[in-house]
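Accompanying notes for the structure given below.
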Protein chains: 2
Amino acid sequence: MSTTPEIPAELTRLRASIDNLDAALVHLLAERFRCTQQVGVLKATVGLPPSDPAREEQQMSRLRELAAEAGLDPVFAEKFLGFIIAEVIRNHGTIAQRATIPDA
Amino acid sequence: MSTTPEIPAELTRLRASIDNLDAALVHLLAERFRCTQQVGVLKATVGLPPSDPAREEQQMSRLRELAAEAGLDPVFAEKFLGFIIAEVIRNHGTIAQRATIPDA
């Protein structure tokens with residue numbers, strides 16, 4: 001039987017890096033949603049549907065390639081983008097419902 | 001009945017920004033998983049469990065605050081971190097299974 005091990009200094013160091021990266025990720029995601037919010041308003045205004053399968057397929061394909069180059073699991077990158085896009089489409093649907101669009 | 005609208009120039013501009021942000025996100029995620037990969041090896045070596053609920057609660061709480069400051073939905077930030085951590089724990093479990101740990 002062993003006692004709970006102490007947290008090694010190396011783990012503390014790695015966690016500080018992870019916390020920095022998470023702060024950067026949160027700020028980039030905030031900026032991304034600022035862009036997609038504008039896209040949502042624009043789409044609702046001109047009557048484009050919230051979802052665009054052709055654009056999403058291009059994004060998936062590009063992110064898989066970027067992920068492979070960066071050493072990130074491309075399957076995970078695809079799941080990640082799917083996770084983000086699902087949220088964006090939910091937001092766009094809400095924007096479209098709120099918008100008053102002539103002939104829509 | 002209306003024809004499919006053309007893609008407005010503004011939408012093209014916003015999509016270029018989104019693509020740049022996605023490239024940055026993929027590279028940050030790649031770096032984050034490089035860190036958590038090292039954490040996984042370290043934990044397996046010293047016999048720490050893959051999951052650490054106290055650390056995760058600290059991360060959740062911090063990210064919710066950072067998200068609120070950055071104008072990102074804190075609930076989404078929490079879902080995002082949960083999504084990432086689930087992947088990390090899967091990877092750590094795999095690392096732990098592969099590692100040969102004395103007394104583990």
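Identifiers in the structure tokens: chain A, B, ... in order shown; residue index from 1 per chain; ligand index from 1 in order shown.
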Each chain B residue no farther than 6 Å from chain A, nearest pair in Å, only C-alpha atoms, as a tab-separated table:
```
residue	atom	partner	partner_atom	distance
B:Ile18	CA	A:Arg32	CA	5.9
B:Ala30	CA	A:Leu72	CA	4.8
B:Arg32	CA	A:Ile18	CA	6.0
B:Leu72	CA	A:Ala30	CA	4.8
```
Reference chain B, mobile chain A, all Cα atoms fitted, written as a compact mmCIF listing (two decimals) with N, CA and C atoms, in the first residue's frame:
```
# COMPACT_ATOMS: atom_id res chain seq x y z
N MET A 1 -40.89 33.13 -54.09
CA MET A 1 -39.74 32.22 -54.14
C MET A 1 -38.48 33.01 -54.49
N SER A 2 -37.41 32.77 -53.76
CA SER A 2 -36.17 33.50 -54.03
C SER A 2 -35.06 32.52 -54.41
N THR A 3 -34.12 32.99 -55.23
CA THR A 3 -32.96 32.16 -55.56
C THR A 3 -31.99 32.17 -54.38
N THR A 4 -31.04 31.26 -54.38
CA THR A 4 -30.03 31.23 -53.32
C THR A 4 -29.21 32.52 -53.39
N PRO A 5 -29.10 33.25 -52.26
CA PRO A 5 -28.36 34.51 -52.31
C PRO A 5 -26.87 34.26 -52.55
N GLU A 6 -26.22 35.22 -53.19
CA GLU A 6 -24.76 35.19 -53.37
C GLU A 6 -24.10 35.34 -52.00
N ILE A 7 -22.85 34.89 -51.89
CA ILE A 7 -22.11 35.09 -50.63
C ILE A 7 -21.60 36.53 -50.60
N PRO A 8 -22.05 37.32 -49.61
CA PRO A 8 -21.62 38.73 -49.57
C PRO A 8 -20.12 38.83 -49.26
N ALA A 9 -19.49 39.94 -49.72
CA ALA A 9 -18.06 40.17 -49.50
C ALA A 9 -17.72 40.18 -48.01
N GLU A 10 -18.65 40.72 -47.22
CA GLU A 10 -18.45 40.78 -45.76
C GLU A 10 -18.34 39.38 -45.16
N LEU A 11 -19.11 38.45 -45.68
CA LEU A 11 -19.06 37.06 -45.20
C LEU A 11 -17.71 36.43 -45.54
N THR A 12 -17.23 36.70 -46.75
CA THR A 12 -15.91 36.19 -47.17
C THR A 12 -14.82 36.73 -46.24
N ARG A 13 -14.91 38.01 -45.90
CA ARG A 13 -13.94 38.65 -45.01
C ARG A 13 -13.96 38.00 -43.63
N LEU A 14 -15.16 37.81 -43.10
CA LEU A 14 -15.29 37.21 -41.77
C LEU A 14 -14.78 35.77 -41.76
N ARG A 15 -15.05 35.05 -42.85
CA ARG A 15 -14.59 33.65 -42.91
C ARG A 15 -13.07 33.57 -42.96
N ALA A 16 -12.41 34.55 -43.59
CA ALA A 16 -10.94 34.56 -43.60
C ALA A 16 -10.40 34.75 -42.18
N SER A 17 -11.07 35.62 -41.40
CA SER A 17 -10.66 35.79 -39.99
C SER A 17 -10.88 34.51 -39.21
N ILE A 18 -12.02 33.87 -39.42
CA ILE A 18 -12.33 32.61 -38.72
C ILE A 18 -11.29 31.55 -39.06
N ASP A 19 -10.90 31.49 -40.34
CA ASP A 19 -9.88 30.50 -40.74
C ASP A 19 -8.54 30.77 -40.06
N ASN A 20 -8.17 32.06 -39.93
CA ASN A 20 -6.92 32.39 -39.23
C ASN A 20 -7.00 32.00 -37.76
N LEU A 21 -8.13 32.30 -37.14
CA LEU A 21 -8.29 31.96 -35.73
C LEU A 21 -8.27 30.44 -35.53
N ASP A 22 -8.89 29.71 -36.46
CA ASP A 22 -8.89 28.24 -36.35
C ASP A 22 -7.48 27.67 -36.46
N ALA A 23 -6.66 28.25 -37.36
CA ALA A 23 -5.28 27.78 -37.48
C ALA A 23 -4.54 28.01 -36.16
N ALA A 24 -4.77 29.18 -35.55
CA ALA A 24 -4.14 29.48 -34.26
C ALA A 24 -4.64 28.52 -33.18
N LEU A 25 -5.94 28.26 -33.17
CA LEU A 25 -6.52 27.33 -32.18
C LEU A 25 -5.92 25.94 -32.32
N VAL A 26 -5.79 25.46 -33.54
CA VAL A 26 -5.22 24.13 -33.77
C VAL A 26 -3.79 24.05 -33.25
N HIS A 27 -3.02 25.11 -33.49
CA HIS A 27 -1.62 25.09 -33.03
C HIS A 27 -1.53 25.18 -31.51
N LEU A 28 -2.40 25.96 -30.90
CA LEU A 28 -2.40 26.02 -29.43
C LEU A 28 -2.85 24.69 -28.83
N LEU A 29 -3.86 24.07 -29.46
CA LEU A 29 -4.31 22.76 -28.97
C LEU A 29 -3.20 21.72 -29.11
N ALA A 30 -2.46 21.78 -30.23
CA ALA A 30 -1.34 20.85 -30.42
C ALA A 30 -0.33 21.02 -29.29
N GLU A 31 -0.03 22.28 -28.95
CA GLU A 31 0.92 22.55 -27.87
C GLU A 31 0.35 22.09 -26.52
N ARG A 32 -0.95 22.31 -26.31
CA ARG A 32 -1.58 21.87 -25.06
C ARG A 32 -1.48 20.35 -24.90
N PHE A 33 -1.72 19.63 -26.00
CA PHE A 33 -1.64 18.16 -25.91
C PHE A 33 -0.20 17.68 -25.76
N ARG A 34 0.77 18.47 -26.25
CA ARG A 34 2.17 18.13 -25.99
C ARG A 34 2.44 18.21 -24.48
N CYS A 35 1.88 19.23 -23.84
CA CYS A 35 2.04 19.36 -22.38
C CYS A 35 1.33 18.24 -21.64
N THR A 36 0.08 17.97 -22.03
CA THR A 36 -0.68 16.96 -21.28
C THR A 36 -0.12 15.56 -21.54
N GLN A 37 0.50 15.37 -22.71
CA GLN A 37 1.17 14.10 -22.98
C GLN A 37 2.31 13.90 -21.97
N GLN A 38 3.07 14.96 -21.73
CA GLN A 38 4.16 14.89 -20.74
C GLN A 38 3.58 14.67 -19.34
N VAL A 39 2.45 15.33 -19.05
CA VAL A 39 1.79 15.13 -17.75
C VAL A 39 1.38 13.67 -17.61
N GLY A 40 0.86 13.10 -18.69
CA GLY A 40 0.41 11.70 -18.65
C GLY A 40 1.55 10.75 -18.36
N VAL A 41 2.68 10.97 -19.00
CA VAL A 41 3.85 10.11 -18.77
C VAL A 41 4.32 10.26 -17.33
N LEU A 42 4.37 11.52 -16.87
CA LEU A 42 4.80 11.80 -15.50
C LEU A 42 3.87 11.13 -14.48
N LYS A 43 2.56 11.27 -14.70
CA LYS A 43 1.59 10.68 -13.77
C LYS A 43 1.71 9.16 -13.73
N ALA A 44 1.87 8.57 -14.92
CA ALA A 44 2.00 7.11 -14.98
C ALA A 44 3.28 6.67 -14.28
N THR A 45 4.34 7.46 -14.42
CA THR A 45 5.64 7.11 -13.82
C THR A 45 5.58 7.15 -12.29
N VAL A 46 4.95 8.21 -11.76
CA VAL A 46 4.93 8.34 -10.29
C VAL A 46 3.68 7.71 -9.67
N GLY A 47 2.79 7.20 -10.53
CA GLY A 47 1.62 6.48 -10.02
C GLY A 47 0.45 7.36 -9.63
N LEU A 48 0.40 8.58 -10.20
CA LEU A 48 -0.77 9.44 -9.97
C LEU A 48 -1.90 9.02 -10.91
N PRO A 49 -3.17 9.11 -10.48
CA PRO A 49 -4.28 8.74 -11.37
C PRO A 49 -4.42 9.73 -12.53
N PRO A 50 -4.92 9.27 -13.70
CA PRO A 50 -5.09 10.17 -14.87
C PRO A 50 -5.96 11.38 -14.55
N SER A 51 -7.02 11.18 -13.77
CA SER A 51 -7.96 12.26 -13.48
C SER A 51 -7.64 12.90 -12.12
N ASP A 52 -7.83 14.24 -12.04
CA ASP A 52 -7.56 14.97 -10.79
C ASP A 52 -8.71 15.96 -10.60
N PRO A 53 -9.79 15.53 -9.94
CA PRO A 53 -11.00 16.37 -9.83
C PRO A 53 -10.74 17.75 -9.21
N ALA A 54 -9.84 17.84 -8.24
CA ALA A 54 -9.59 19.14 -7.59
C ALA A 54 -8.94 20.11 -8.58
N ARG A 55 -7.96 19.64 -9.31
CA ARG A 55 -7.31 20.46 -10.36
C ARG A 55 -8.34 20.87 -11.43
N GLU A 56 -9.19 19.92 -11.83
CA GLU A 56 -10.18 20.24 -12.87
C GLU A 56 -11.17 21.30 -12.39
N GLU A 57 -11.54 21.24 -11.12
CA GLU A 57 -12.48 22.23 -10.60
C GLU A 57 -11.84 23.62 -10.60
N GLN A 58 -10.54 23.68 -10.24
CA GLN A 58 -9.80 24.96 -10.30
C GLN A 58 -9.77 25.49 -11.73
N GLN A 59 -9.49 24.59 -12.68
CA GLN A 59 -9.41 25.01 -14.09
C GLN A 59 -10.76 25.53 -14.58
N MET A 60 -11.83 24.80 -14.24
CA MET A 60 -13.18 25.21 -14.66
C MET A 60 -13.49 26.60 -14.12
N SER A 61 -13.23 26.80 -12.84
CA SER A 61 -13.56 28.05 -12.19
C SER A 61 -12.77 29.21 -12.82
N ARG A 62 -11.48 28.98 -13.06
CA ARG A 62 -10.62 30.01 -13.66
C ARG A 62 -11.08 30.33 -15.09
N LEU A 63 -11.40 29.28 -15.86
CA LEU A 63 -11.80 29.51 -17.26
C LEU A 63 -13.15 30.22 -17.35
N ARG A 64 -14.04 29.91 -16.44
CA ARG A 64 -15.33 30.62 -16.42
C ARG A 64 -15.09 32.12 -16.23
N GLU A 65 -14.19 32.47 -15.30
CA GLU A 65 -13.88 33.89 -15.05
C GLU A 65 -13.22 34.54 -16.27
N LEU A 66 -12.21 33.85 -16.83
CA LEU A 66 -11.52 34.38 -18.01
C LEU A 66 -12.51 34.58 -19.15
N ALA A 67 -13.40 33.60 -19.33
CA ALA A 67 -14.39 33.67 -20.41
C ALA A 67 -15.29 34.89 -20.22
N ALA A 68 -15.77 35.08 -19.00
CA ALA A 68 -16.66 36.21 -18.73
C ALA A 68 -15.96 37.53 -19.06
N GLU A 69 -14.69 37.65 -18.69
CA GLU A 69 -13.92 38.86 -18.98
C GLU A 69 -13.74 39.07 -20.49
N ALA A 70 -13.58 37.96 -21.21
CA ALA A 70 -13.30 38.03 -22.65
C ALA A 70 -14.58 38.13 -23.49
N GLY A 71 -15.74 38.03 -22.85
CA GLY A 71 -17.00 38.10 -23.59
C GLY A 71 -17.40 36.77 -24.21
N LEU A 72 -16.83 35.67 -23.68
CA LEU A 72 -17.21 34.34 -24.14
C LEU A 72 -18.21 33.75 -23.13
N ASP A 73 -19.24 33.08 -23.62
CA ASP A 73 -20.23 32.45 -22.73
C ASP A 73 -19.51 31.50 -21.76
N PRO A 74 -19.55 31.79 -20.44
CA PRO A 74 -18.85 30.94 -19.48
C PRO A 74 -19.34 29.49 -19.49
N VAL A 75 -20.61 29.28 -19.81
CA VAL A 75 -21.14 27.91 -19.90
C VAL A 75 -20.47 27.17 -21.06
N PHE A 76 -20.28 27.90 -22.17
CA PHE A 76 -19.60 27.28 -23.30
C PHE A 76 -18.14 26.99 -22.95
N ALA A 77 -17.47 27.93 -22.26
CA ALA A 77 -16.06 27.73 -21.87
C ALA A 77 -15.93 26.46 -21.02
N GLU A 78 -16.90 26.26 -20.15
CA GLU A 78 -16.90 25.08 -19.28
C GLU A 78 -17.09 23.80 -20.11
N LYS A 79 -18.01 23.85 -21.06
CA LYS A 79 -18.22 22.69 -21.95
C LYS A 79 -16.95 22.41 -22.74
N PHE A 80 -16.30 23.49 -23.20
CA PHE A 80 -15.07 23.38 -23.99
C PHE A 80 -13.99 22.68 -23.18
N LEU A 81 -13.78 23.13 -21.94
CA LEU A 81 -12.74 22.52 -21.12
C LEU A 81 -13.09 21.06 -20.82
N GLY A 82 -14.37 20.79 -20.57
CA GLY A 82 -14.79 19.41 -20.33
C GLY A 82 -14.48 18.52 -21.54
N PHE A 83 -14.71 19.07 -22.71
CA PHE A 83 -14.45 18.35 -23.97
C PHE A 83 -12.95 18.02 -24.10
N ILE A 84 -12.11 19.01 -23.78
CA ILE A 84 -10.65 18.83 -23.86
C ILE A 84 -10.17 17.82 -22.81
N ILE A 85 -10.67 18.00 -21.59
CA ILE A 85 -10.21 17.14 -20.48
C ILE A 85 -10.61 15.69 -20.73
N ALA A 86 -11.80 15.47 -21.29
CA ALA A 86 -12.23 14.10 -21.60
C ALA A 86 -11.22 13.45 -22.53
N GLU A 87 -10.74 14.20 -23.52
CA GLU A 87 -9.75 13.67 -24.46
C GLU A 87 -8.42 13.41 -23.75
N VAL A 88 -8.02 14.34 -22.89
CA VAL A 88 -6.76 14.19 -22.15
C VAL A 88 -6.81 12.94 -21.28
N ILE A 89 -7.92 12.74 -20.58
CA ILE A 89 -8.03 11.59 -19.67
C ILE A 89 -8.00 10.28 -20.47
N ARG A 90 -8.64 10.29 -21.66
CA ARG A 90 -8.56 9.10 -22.53
C ARG A 90 -7.08 8.82 -22.86
N ASN A 91 -6.35 9.88 -23.24
CA ASN A 91 -4.93 9.71 -23.58
C ASN A 91 -4.12 9.24 -22.38
N HIS A 92 -4.39 9.81 -21.21
CA HIS A 92 -3.64 9.44 -20.00
C HIS A 92 -3.89 7.98 -19.64
N GLY A 93 -5.14 7.56 -19.80
CA GLY A 93 -5.48 6.15 -19.51
C GLY A 93 -4.67 5.22 -20.41
N THR A 94 -4.54 5.61 -21.68
CA THR A 94 -3.76 4.81 -22.63
C THR A 94 -2.29 4.79 -22.24
N ILE A 95 -1.76 5.96 -21.85
CA ILE A 95 -0.35 6.04 -21.43
C ILE A 95 -0.13 5.14 -20.20
N ALA A 96 -1.05 5.23 -19.23
CA ALA A 96 -0.91 4.46 -17.99
C ALA A 96 -0.93 2.96 -18.28
N GLN A 97 -1.78 2.55 -19.24
CA GLN A 97 -1.85 1.13 -19.59
C GLN A 97 -0.55 0.65 -20.22
N ARG A 98 0.10 1.58 -21.01
CA ARG A 98 1.33 1.19 -21.71
C ARG A 98 2.54 1.17 -20.77
N ALA A 99 2.50 2.03 -19.73
CA ALA A 99 3.68 2.21 -18.88
C ALA A 99 3.96 0.97 -18.02
N THR A 100 5.22 0.71 -17.81
CA THR A 100 5.60 -0.34 -16.86
C THR A 100 6.03 0.35 -15.59
N ILE A 101 5.19 0.23 -14.58
CA ILE A 101 5.43 0.99 -13.35
C ILE A 101 5.71 -0.01 -12.21
N PRO A 102 6.86 0.11 -11.51
CA PRO A 102 7.12 -0.76 -10.37
C PRO A 102 6.02 -0.57 -9.31
N ASP A 103 5.52 -1.64 -8.74
CA ASP A 103 4.49 -1.61 -7.69
C ASP A 103 3.18 -1.00 -8.16
N ALA A 104 2.93 -0.89 -9.46
CA ALA A 104 1.67 -0.28 -9.91
C ALA A 104 0.72 -1.36 -10.40
```
